[in-house]
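The next block holds one structure in the form of structure tokens; read it before the comments.
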Amino acid sequence: MNTRELAEQLHGAPRRIHLIGVAGSGMSGIAALLLALGHKVGGSDKVDTVEVRRLQSLGLEFRTPQRAEDVVDADLVIYSSAIREGNPAFDAARRLAKPMVRRAEALAALMLGKKGVLVCGMHGKTTVSAMAAHVLRAAGAHPSHYVGAEIPILGTNARWDDAGDYFVAEGDESDGTIVLYHPEHAIVLNIEPEHLDHYRDLAEIDAAFARLAGQTSGKIFYCADDAGASRVCAGRPGAVSYGKSGHYSYADFRSADFASTFAFRRGGEELARVKLNVPGEHNALNATAVLALAAELGFDLAKCAAALGTFRGARRRFEVVYSSPDYLVVDDYGHHPTEIAAVVRAARDTGRRRVVLLFQPHRYTRTQALCAEFGRALSQADAVVVTDVYPASELPIPGVSGRMVADAAAASGAKSAHYEPTRAGAGIAAGHLLRPGDLLVTLGAGNIHEQGAALAADLRTLETLRHAMGPGVARLYEPMSKHTTMRVGGPAQFWLEPETEEGFCELVRTAREAGVPLMVVGRGSNLVVRDGGLRGAVVRLRRGVFGGIVVEGERIRAGAGVRLKELSGAATASGLAGFEWMEGIPGDVGGCLRMNAGAMGAEAFDQVDVLRYADQEGNIFEKTPADIEVRYRGVPLLRTNYALSAVFRGNRSTPAEVERRTRDYAAKRKASQPAGASAGCIFRNPDSAKAGALIDSAGLKNLRVGAARVSDVHANFILNDGGATASEVLALVEQVRAEVLKRHGVRLETEVQIIGEEVAS
């Protein structure tokens, strides 16, 4: 049936209509309109949604999963563009010869029941449609509307109002169905190369819009600033231009944070002053299109301009996800270079220090066709992270990936451009880039907005923890590979470096109350962190008071963050012996105390006079070694409490003698231990023999997994030869353990602490 025949059915007696794919934003709007017109509406989809449940309360009969029997009683079947052969309901409808129409055919027919205002173009349709419906409602016109997204100020994405004459809707050009519409008025926003998976070239796109323009009975509002819209629409009967230079124009545009003002003019005459509470000059252009429509239709421009001041935008159109004085996270649906460029300009208008983009390309065909343009648009940000392509309904194209886009951004001069193949990995990379004062935008028509929500939740927690600790450093997703001597390990969810004992104790209390796991790490010299990283708060005590050294006679008070090399150096300079064994150990005081570290026959608690620590409630205590259980390579008290500082005891000597002994220790260590990135001895020495000797006699020196290798100098060391992952290190640990058990019947136990999560599959 043609569009007018379909319109007679949809605006006639109630029918049984089934919608395949009803949970989609476009199809749910059609369902809402049909229910309002009195039809018996059923729908099916793979998933249930909040919008589906709302429609069920209005009478929708919903089924999931989709089944052949869903369409048996239907008088008409409407299906979304995502539905293909193989869908059981779709195949059954064809087999039963049911009348079947696409979503756009149904919308075009529904519009014929009123004075249709069709908003079309490659970018901005949702925002302009929503603006127009809101403004006409404020002017008292009682418009019906259909918008392809959730619009909070309109209440729903689609509404039929019997009291009004106008129907505002956005028309989708992506599949060529733009030619189905016969509106009274059309707003043509922009025309440029897009959807080249459907259209052969720009000439074919122009032809589709030209056909729509020829089917528009009233006014055609077109953007004079857009070459494509002007090319197709200028000079046609009823054509009205708008823009910076159109018949209707905006001028004196000013922007600050999330608001802007401008003058709306016709010719040289100012008709209204407008304040918008959505950012960006592109929204002033959108508002000008809507005001031009209102002016030509004869509505009160004062009411219309005032209504624009209350417009808050659509979901996923520069939508604020998280806002604080330090961080701003925004989500936007932009997935075309022109849209991205507009988003970056709007982001700049907010006055934030830096703009960081997290971009998910949409469709392989678009990515391939517009890769260079994407690169130029993204390069205008301060930093960009690109993940892999959201395919929609497309099959992969060999060689086309998010890496192409990141490389194009770098080639276009981007200050910082990274590629992360997984969405989760890209979110972590972008979150780690954030510093106070930054704005992060998640961009794309796929599911990248989910990373924005996750980032917002983590930023909220990070700021709570940071405010609790006071002065210091707080970052998201800090790579533990930067904080372990093995140089492996995934991200710490919350990385914190307090500067005062009071701040640390308040941080401990706050994390406990919030249910956030907290652990303190030192320099990571006896630590292997898995590639999935660490959940919760990871604290490094090295700044401020924790990095202090005070020499008092034969005693040295040192904070938990003091490196053992520094402590040894301070002792040498003061002529204090007893600290020489610390030279060359790549740890700090906190870690040394926790594991009662030692070397060359000495260990830490041989020299400790006083231990200062905090418990898990943030209370501070001081104890002497006599009051503490001290074991070989472990202090039980410090498994659940946190070392803050210690007073170490030395012996008087001459600086020259101490320096000589320090050199001797260093020479012995250098001769017996390998240079390179390692975590020290991997295995404990069993009672029967040295672990290194067992590994050596099993012939395992230089055994390798990836870039992890058993040292050829000391077999109880595993080295990271550059770029090793924790998974490679741990796989090598298991190979060594299995081979020693097979050869010698001895099961080696690890001395290093292995913590963290595996990478999520």
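Following the order of the structure tokens, chains are lettered A, B, ..., residues in each are numbered from 1, and ligands are numbered from 1.
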For region 272-342 of chain A against region 128-140 of chain A, with a cut-off of 8 Å and counting only C-alpha atoms, what is the closest atom pair and its distance in Å to one decimal for every residue that makes the cut, ordered by chain and number, as JSON lines?
{"residue": "A:Asn286", "atom": "CA", "partner": "A:Val128", "partner_atom": "CA", "distance": 5.8}
{"residue": "A:Ala287", "atom": "CA", "partner": "A:Met131", "partner_atom": "CA", "distance": 7.2}
{"residue": "A:Ala289", "atom": "CA", "partner": "A:Val128", "partner_atom": "CA", "distance": 7.8}
{"residue": "A:Val290", "atom": "CA", "partner": "A:Ala132", "partner_atom": "CA", "distance": 5.4}
{"residue": "A:Ala294", "atom": "CA", "partner": "A:Leu136", "partner_atom": "CA", "distance": 7.4}
{"residue": "A:Phe299", "atom": "CA", "partner": "A:Ala139", "partner_atom": "CA", "distance": 6.4}
{"residue": "A:Asp300", "atom": "CA", "partner": "A:Ala139", "partner_atom": "CA", "distance": 6.5}
{"residue": "A:Lys303", "atom": "CA", "partner": "A:Ala139", "partner_atom": "CA", "distance": 6.0}
{"residue": "A:Cys304", "atom": "CA", "partner": "A:Val135", "partner_atom": "CA", "distance": 5.3}
{"residue": "A:Ala305", "atom": "CA", "partner": "A:Val135", "partner_atom": "CA", "distance": 8.0}
{"residue": "A:Ala307", "atom": "CA", "partner": "A:Val135", "partner_atom": "CA", "distance": 5.6}
{"residue": "A:Leu308", "atom": "CA", "partner": "A:Val135", "partner_atom": "CA", "distance": 6.7}
{"residue": "A:Phe311", "atom": "CA", "partner": "A:Met131", "partner_atom": "CA", "distance": 7.0}
{"residue": "A:Gly313", "atom": "CA", "partner": "A:Ala130", "partner_atom": "CA", "distance": 7.6}
{"residue": "A:Ala314", "atom": "CA", "partner": "A:Ala130", "partner_atom": "CA", "distance": 7.4}
key: Close residues, Arg353 (chain A) itself excluded, 12 Å, only C-alpha atoms, min 3 positions apart in chain, as a list in words   = Pro325, Asp326, Tyr327, Leu328, Ala347, Arg348, Asp349, Thr350, Val356, Ala381, Asp382, Ala383, Leu434, Arg435, Pro436, Gly437, Asp438, Leu439 and Leu440 of chain A
Prev. selection, C-alpha atoms, output as a PDB file, in the first residue's frame:
ATOM      1  CA  PRO A 325      34.062  21.935  40.749  1.00  0.00           C
ATOM      2  CA  ASP A 326      36.933  19.737  39.544  1.00  0.00           C
ATOM      3  CA  TYR A 327      35.468  17.334  36.979  1.00  0.00           C
ATOM      4  CA  LEU A 328      32.784  17.433  34.325  1.00  0.00           C
ATOM      5  CA  ALA A 347      33.076  21.876  25.289  1.00  0.00           C
ATOM      6  CA  ARG A 348      35.521  24.755  24.880  1.00  0.00           C
ATOM      7  CA  ASP A 349      32.701  27.185  25.673  1.00  0.00           C
ATOM      8  CA  THR A 350      32.336  25.660  29.154  1.00  0.00           C
ATOM      9  CA  VAL A 356      39.293  14.901  26.817  1.00  0.00           C
ATOM     10  CA  ALA A 381      40.580  18.249  21.703  1.00  0.00           C
ATOM     11  CA  ASP A 382      43.425  18.211  24.219  1.00  0.00           C
ATOM     12  CA  ALA A 383      43.422  14.415  24.415  1.00  0.00           C
ATOM     13  CA  LEU A 434      41.701  13.279  33.889  1.00  0.00           C
ATOM     14  CA  ARG A 435      43.053  16.016  36.113  1.00  0.00           C
ATOM     15  CA  PRO A 436      41.132  18.591  38.177  1.00  0.00           C
ATOM     16  CA  GLY A 437      39.537  21.152  35.875  1.00  0.00           C
ATOM     17  CA  ASP A 438      39.031  18.767  32.936  1.00  0.00           C
ATOM     18  CA  LEU A 439      35.933  17.966  30.911  1.00  0.00           C
ATOM     19  CA  LEU A 440      35.510  14.430  29.567  1.00  0.00           C
TER      20      LEU A 440
END
query = Hey, what's within 7 Å of region 80-87 of chain A if we count only C-alpha atoms and toss same-chain stuff fewer than 4 positions away? As a PyMOL selection string, please?
reply = chain A and resi 20-21+27+91+102-103+393
request  = Assign secondary structure with DSSP using the backbone only, and return the residues of region 309-440 of chain A in strand (DSSP E) as a PyMOL selection string.
outcome  = chain A and resi 319-323+327-332+354-359+383-386+417-419+438-440
Output N, CA and C atoms of each residue in that selection to a file, as a compact mmCIF listing (two decimals), in the first residue's frame.
# COMPACT_ATOMS: atom_id res chain seq x y z
N GLU A 319 24.77 15.77 27.25
CA GLU A 319 24.09 15.53 28.52
C GLU A 319 25.11 15.43 29.65
N VAL A 320 24.92 16.21 30.69
CA VAL A 320 25.83 16.18 31.84
C VAL A 320 25.59 14.91 32.64
N VAL A 321 26.64 14.12 32.76
CA VAL A 321 26.58 12.86 33.50
C VAL A 321 27.12 13.04 34.91
N TYR A 322 28.12 13.91 35.06
CA TYR A 322 28.71 14.17 36.37
C TYR A 322 29.30 15.57 36.36
N SER A 323 29.07 16.29 37.45
CA SER A 323 29.59 17.65 37.53
C SER A 323 30.04 17.94 38.95
N TYR A 327 35.64 18.22 38.13
CA TYR A 327 35.47 17.33 36.98
C TYR A 327 34.08 17.52 36.36
N LEU A 328 34.04 17.40 35.05
CA LEU A 328 32.78 17.43 34.33
C LEU A 328 32.80 16.29 33.31
N VAL A 329 31.77 15.45 33.35
CA VAL A 329 31.64 14.35 32.39
C VAL A 329 30.34 14.57 31.62
N VAL A 330 30.46 14.57 30.30
CA VAL A 330 29.33 14.83 29.41
C VAL A 330 29.23 13.68 28.42
N ASP A 331 28.01 13.32 28.06
CA ASP A 331 27.81 12.28 27.04
C ASP A 331 27.14 12.90 25.83
N ASP A 332 27.58 12.49 24.64
CA ASP A 332 26.97 13.01 23.42
C ASP A 332 26.90 11.92 22.36
N ARG A 354 40.92 21.46 30.22
CA ARG A 354 41.22 20.61 29.06
C ARG A 354 39.96 19.86 28.65
N VAL A 355 39.91 19.50 27.37
CA VAL A 355 38.81 18.69 26.83
C VAL A 355 39.38 17.33 26.45
N VAL A 356 38.87 16.27 27.08
CA VAL A 356 39.29 14.90 26.82
C VAL A 356 38.12 14.17 26.17
N LEU A 357 38.36 13.53 25.03
CA LEU A 357 37.31 12.81 24.31
C LEU A 357 37.53 11.31 24.41
N LEU A 358 36.45 10.59 24.67
CA LEU A 358 36.44 9.13 24.62
C LEU A 358 35.47 8.76 23.50
N PHE A 359 36.03 8.34 22.36
CA PHE A 359 35.24 8.20 21.14
C PHE A 359 35.13 6.76 20.69
N ALA A 383 43.04 15.82 24.39
CA ALA A 383 43.42 14.42 24.42
C ALA A 383 42.24 13.60 23.92
N VAL A 384 42.54 12.51 23.23
CA VAL A 384 41.47 11.66 22.71
C VAL A 384 41.87 10.20 22.88
N VAL A 385 40.89 9.41 23.31
CA VAL A 385 41.05 7.95 23.38
C VAL A 385 39.99 7.36 22.47
N VAL A 386 40.42 6.51 21.55
CA VAL A 386 39.51 5.89 20.59
C VAL A 386 39.44 4.40 20.86
N ALA A 417 46.74 11.18 21.42
CA ALA A 417 45.76 10.29 20.80
C ALA A 417 46.14 8.85 21.10
N HIS A 418 45.20 8.12 21.71
CA HIS A 418 45.46 6.73 22.10
C HIS A 418 44.38 5.83 21.52
N TYR A 419 44.76 4.61 21.23
CA TYR A 419 43.80 3.58 20.79
C TYR A 419 43.75 2.49 21.84
N ASP A 438 39.26 19.33 34.27
CA ASP A 438 39.03 18.77 32.94
C ASP A 438 37.56 18.47 32.67
N LEU A 439 37.24 18.41 31.39
CA LEU A 439 35.93 17.97 30.91
C LEU A 439 36.16 16.73 30.05
N LEU A 440 35.45 15.66 30.36
CA LEU A 440 35.51 14.43 29.57
C LEU A 440 34.20 14.27 28.82
request  = Fewer than 5 positions away in the same chain doesn't count, so skip those; otherwise give me all residues within 12 Å of Gly634 (chain A), counting only C-alpha atoms, as a list in words.
outcome  = Gly591, Cys592, Leu593, Arg594, Met595, Asn596, Ala597, Gly598, Glu603, Ala604, Phe605, Ile628, Glu629, Arg639, Glu751, Val752 and Gln753 of chain A
